[in-house]
$ cat start16.cif   # mmCIF, N, CA and C atoms
data_upload
loop_
_atom_site.label_atom_id
_atom_site.label_comp_id
_atom_site.auth_asym_id
_atom_site.auth_seq_id
_atom_site.Cartn_x
_atom_site.Cartn_y
_atom_site.Cartn_z
N MET A 1 34.54 93.92 142.69
CA MET A 1 35.27 94.46 141.59
C MET A 1 36.59 95.03 142.11
N ALA A 2 37.68 94.73 141.42
CA ALA A 2 39.00 95.20 141.83
C ALA A 2 39.70 95.84 140.63
N LEU A 3 40.59 96.78 140.93
CA LEU A 3 41.43 97.38 139.91
C LEU A 3 42.78 96.67 139.98
N VAL A 4 43.14 95.98 138.90
CA VAL A 4 44.38 95.22 138.84
C VAL A 4 45.35 95.93 137.92
N ALA A 5 46.56 96.21 138.41
CA ALA A 5 47.58 96.91 137.62
C ALA A 5 48.22 95.96 136.61
N LEU A 6 48.97 96.52 135.68
CA LEU A 6 49.62 95.70 134.66
C LEU A 6 50.60 94.70 135.25
N ASP A 7 51.19 95.00 136.42
CA ASP A 7 52.13 94.06 137.04
C ASP A 7 51.42 92.99 137.87
N GLY A 8 50.08 93.02 137.90
CA GLY A 8 49.31 92.01 138.61
C GLY A 8 48.93 92.40 140.03
N SER A 9 49.38 93.56 140.52
CA SER A 9 49.03 93.96 141.88
C SER A 9 47.58 94.45 141.92
N ILE A 10 46.96 94.22 143.05
CA ILE A 10 45.59 94.71 143.26
C ILE A 10 45.72 96.07 143.91
N ASP A 11 45.35 97.11 143.17
CA ASP A 11 45.56 98.48 143.61
C ASP A 11 44.32 99.12 144.24
N TRP A 12 43.15 98.63 143.93
CA TRP A 12 41.91 99.20 144.48
C TRP A 12 40.91 98.07 144.62
N TYR A 13 40.42 97.87 145.85
CA TYR A 13 39.46 96.80 146.08
C TYR A 13 38.53 97.17 147.23
N PRO A 14 37.37 97.76 146.92
CA PRO A 14 36.40 98.05 147.96
C PRO A 14 35.55 96.80 148.23
N THR A 15 35.37 96.49 149.48
CA THR A 15 34.61 95.30 149.83
C THR A 15 33.75 95.57 151.05
N PRO A 16 32.57 95.10 151.18
CA PRO A 16 31.86 94.16 150.32
C PRO A 16 31.13 94.81 149.15
N ASP A 17 30.95 96.15 149.20
CA ASP A 17 30.22 96.83 148.13
C ASP A 17 31.15 97.80 147.39
N LEU A 18 30.77 98.17 146.19
CA LEU A 18 31.59 99.06 145.37
C LEU A 18 31.81 100.42 146.02
N ASP A 19 30.87 100.87 146.86
CA ASP A 19 31.02 102.16 147.53
C ASP A 19 31.56 102.03 148.96
N SER A 20 32.04 100.85 149.34
CA SER A 20 32.61 100.63 150.67
C SER A 20 34.03 101.19 150.73
N THR A 21 34.53 101.33 151.95
CA THR A 21 35.92 101.75 152.14
C THR A 21 36.83 100.68 151.52
N PRO A 22 37.80 101.07 150.70
CA PRO A 22 38.63 100.07 150.02
C PRO A 22 39.57 99.34 150.98
N THR A 23 39.71 98.04 150.77
CA THR A 23 40.67 97.24 151.51
C THR A 23 42.08 97.54 151.01
N PHE A 24 42.24 97.66 149.71
CA PHE A 24 43.50 98.05 149.09
C PHE A 24 43.27 99.38 148.38
N ALA A 25 44.14 100.36 148.62
CA ALA A 25 43.91 101.69 148.06
C ALA A 25 45.22 102.33 147.59
N ARG A 26 45.93 101.66 146.71
CA ARG A 26 47.18 102.19 146.20
C ARG A 26 46.98 103.49 145.44
N LEU A 27 45.79 103.72 144.94
CA LEU A 27 45.50 104.98 144.26
C LEU A 27 45.69 106.18 145.18
N LEU A 28 45.53 105.96 146.48
CA LEU A 28 45.67 107.03 147.46
C LEU A 28 47.07 107.11 148.06
N ASP A 29 47.80 106.00 148.07
CA ASP A 29 49.14 105.96 148.65
C ASP A 29 49.98 104.96 147.84
N ALA A 30 50.90 105.47 147.05
CA ALA A 30 51.66 104.63 146.12
C ALA A 30 52.55 103.60 146.82
N ASP A 31 52.95 103.85 148.07
CA ASP A 31 53.86 102.94 148.77
C ASP A 31 53.15 101.92 149.64
N GLU A 32 51.90 102.14 149.92
CA GLU A 32 51.13 101.26 150.80
C GLU A 32 49.81 100.91 150.12
N GLY A 33 49.07 100.02 150.72
CA GLY A 33 47.70 99.80 150.30
C GLY A 33 47.51 98.95 149.06
N PHE A 34 48.39 97.98 148.83
CA PHE A 34 48.21 97.09 147.69
C PHE A 34 48.75 95.72 148.04
N ILE A 35 48.40 94.75 147.23
CA ILE A 35 48.94 93.40 147.36
C ILE A 35 49.44 92.98 145.99
N SER A 36 50.60 92.37 145.99
CA SER A 36 51.19 91.94 144.73
C SER A 36 51.64 90.49 144.85
N LEU A 37 51.13 89.65 143.98
CA LEU A 37 51.50 88.24 143.94
C LEU A 37 52.14 87.97 142.59
N ALA A 38 53.42 87.62 142.61
CA ALA A 38 54.15 87.37 141.37
C ALA A 38 55.35 86.48 141.67
N PRO A 39 55.84 85.76 140.66
CA PRO A 39 57.04 84.94 140.86
C PRO A 39 58.25 85.81 141.22
N THR A 40 59.21 85.23 141.92
CA THR A 40 60.42 85.97 142.28
C THR A 40 61.45 85.94 141.15
N ALA A 41 61.37 84.97 140.26
CA ALA A 41 62.27 84.87 139.12
C ALA A 41 61.71 85.69 137.96
N GLU A 42 62.51 85.90 136.92
CA GLU A 42 62.01 86.60 135.73
C GLU A 42 60.81 85.85 135.17
N PHE A 43 59.85 86.60 134.64
CA PHE A 43 58.63 85.97 134.14
C PHE A 43 58.03 86.79 133.02
N SER A 44 57.16 86.14 132.28
CA SER A 44 56.30 86.83 131.32
C SER A 44 54.88 86.67 131.84
N VAL A 45 54.02 87.58 131.45
CA VAL A 45 52.66 87.55 131.96
C VAL A 45 51.67 87.64 130.80
N GLU A 46 50.59 86.92 130.93
CA GLU A 46 49.52 86.93 129.93
C GLU A 46 48.21 87.13 130.67
N ARG A 47 47.37 88.03 130.16
CA ARG A 47 46.08 88.30 130.77
C ARG A 47 44.97 88.12 129.76
N ARG A 48 43.84 87.64 130.25
CA ARG A 48 42.66 87.54 129.40
C ARG A 48 41.44 87.45 130.30
N TYR A 49 40.32 87.84 129.75
CA TYR A 49 39.07 87.71 130.49
C TYR A 49 38.49 86.32 130.23
N ALA A 50 38.02 85.68 131.28
CA ALA A 50 37.37 84.39 131.14
C ALA A 50 36.15 84.57 130.25
N ASP A 51 35.88 83.59 129.42
CA ASP A 51 34.78 83.67 128.47
C ASP A 51 33.46 84.02 129.17
N GLY A 52 32.79 85.03 128.62
CA GLY A 52 31.47 85.41 129.11
C GLY A 52 31.44 86.00 130.50
N SER A 53 32.57 86.59 130.96
CA SER A 53 32.57 87.13 132.32
C SER A 53 33.48 88.36 132.40
N ASN A 54 33.51 88.97 133.58
CA ASN A 54 34.42 90.06 133.85
C ASN A 54 35.58 89.60 134.72
N VAL A 55 35.85 88.30 134.74
CA VAL A 55 36.93 87.74 135.53
C VAL A 55 38.22 87.80 134.72
N LEU A 56 39.22 88.49 135.28
CA LEU A 56 40.51 88.63 134.61
C LEU A 56 41.42 87.49 135.06
N GLU A 57 41.87 86.69 134.12
CA GLU A 57 42.81 85.59 134.40
C GLU A 57 44.21 86.08 134.08
N THR A 58 45.13 85.89 135.00
CA THR A 58 46.53 86.26 134.80
C THR A 58 47.37 85.02 134.90
N THR A 59 48.20 84.78 133.89
CA THR A 59 49.09 83.61 133.87
C THR A 59 50.53 84.09 133.83
N TYR A 60 51.31 83.67 134.83
CA TYR A 60 52.73 83.98 134.88
C TYR A 60 53.51 82.76 134.38
N THR A 61 54.45 82.98 133.48
CA THR A 61 55.30 81.91 132.97
C THR A 61 56.74 82.22 133.32
N THR A 62 57.39 81.30 134.05
CA THR A 62 58.79 81.50 134.45
C THR A 62 59.70 80.65 133.61
#
$ encode --input "start16.cif" --output "structure tokens"
Amino acid sequence: MALVALDGSIDWYPTPDLDSTPTFARLLDADEGFISLAPTAEFSVERRYADGSNVLETTYTT
């Protein structure tokens, strides 16, 4: 389970278990501890959960 911000960055991701030390921990340090994958050009973003799951799909349109 990961916490994904509105801009698509992964801000909190404990692995392998939910109570493990987080791999990404932007909640603790705003300048470090996250990964962000996004187009370099202007874009719009659409998010939705895949049918019948907790999987968040993010679509960037440039």
$ resolve_selection --input "start16.cif" --expression "the PyMOL selection byres ((chain A and resi 37-52) around 6.5)" --output "MDAnalysis selection string"
chainID A and resid 8:10 35:36 53:62
$ atom_distance --input "start16.cif" --atom1 "atom C of Asp11 in chain A" --atom2 "atom N of Asp31 in chain A"
10.6 Å
$ atom_distance --input "start16.cif" --atom1 "CA of Thr21 in chain A" --atom2 "atom N of Leu6 in chain A"
21.6 Å
$ select_by_dssp --input "start16.cif" --residues "range 17-50 of chain A" --states "strand (DSSP E)" --output "ChimeraX atom specification"
/A:22-25,44-49
$ resolve_selection --input "start16.cif" --expression "the PyMOL selection byres ((chain A and resi 2) around 7)" --output "MDAnalysis selection string"
chainID A and resid 1 3:4 10:14
$ atom_distance --input "start16.cif" --atom1 "atom N of Phe24 in chain A" --atom2 "CA of Asp7 in chain A"
16.5 Å
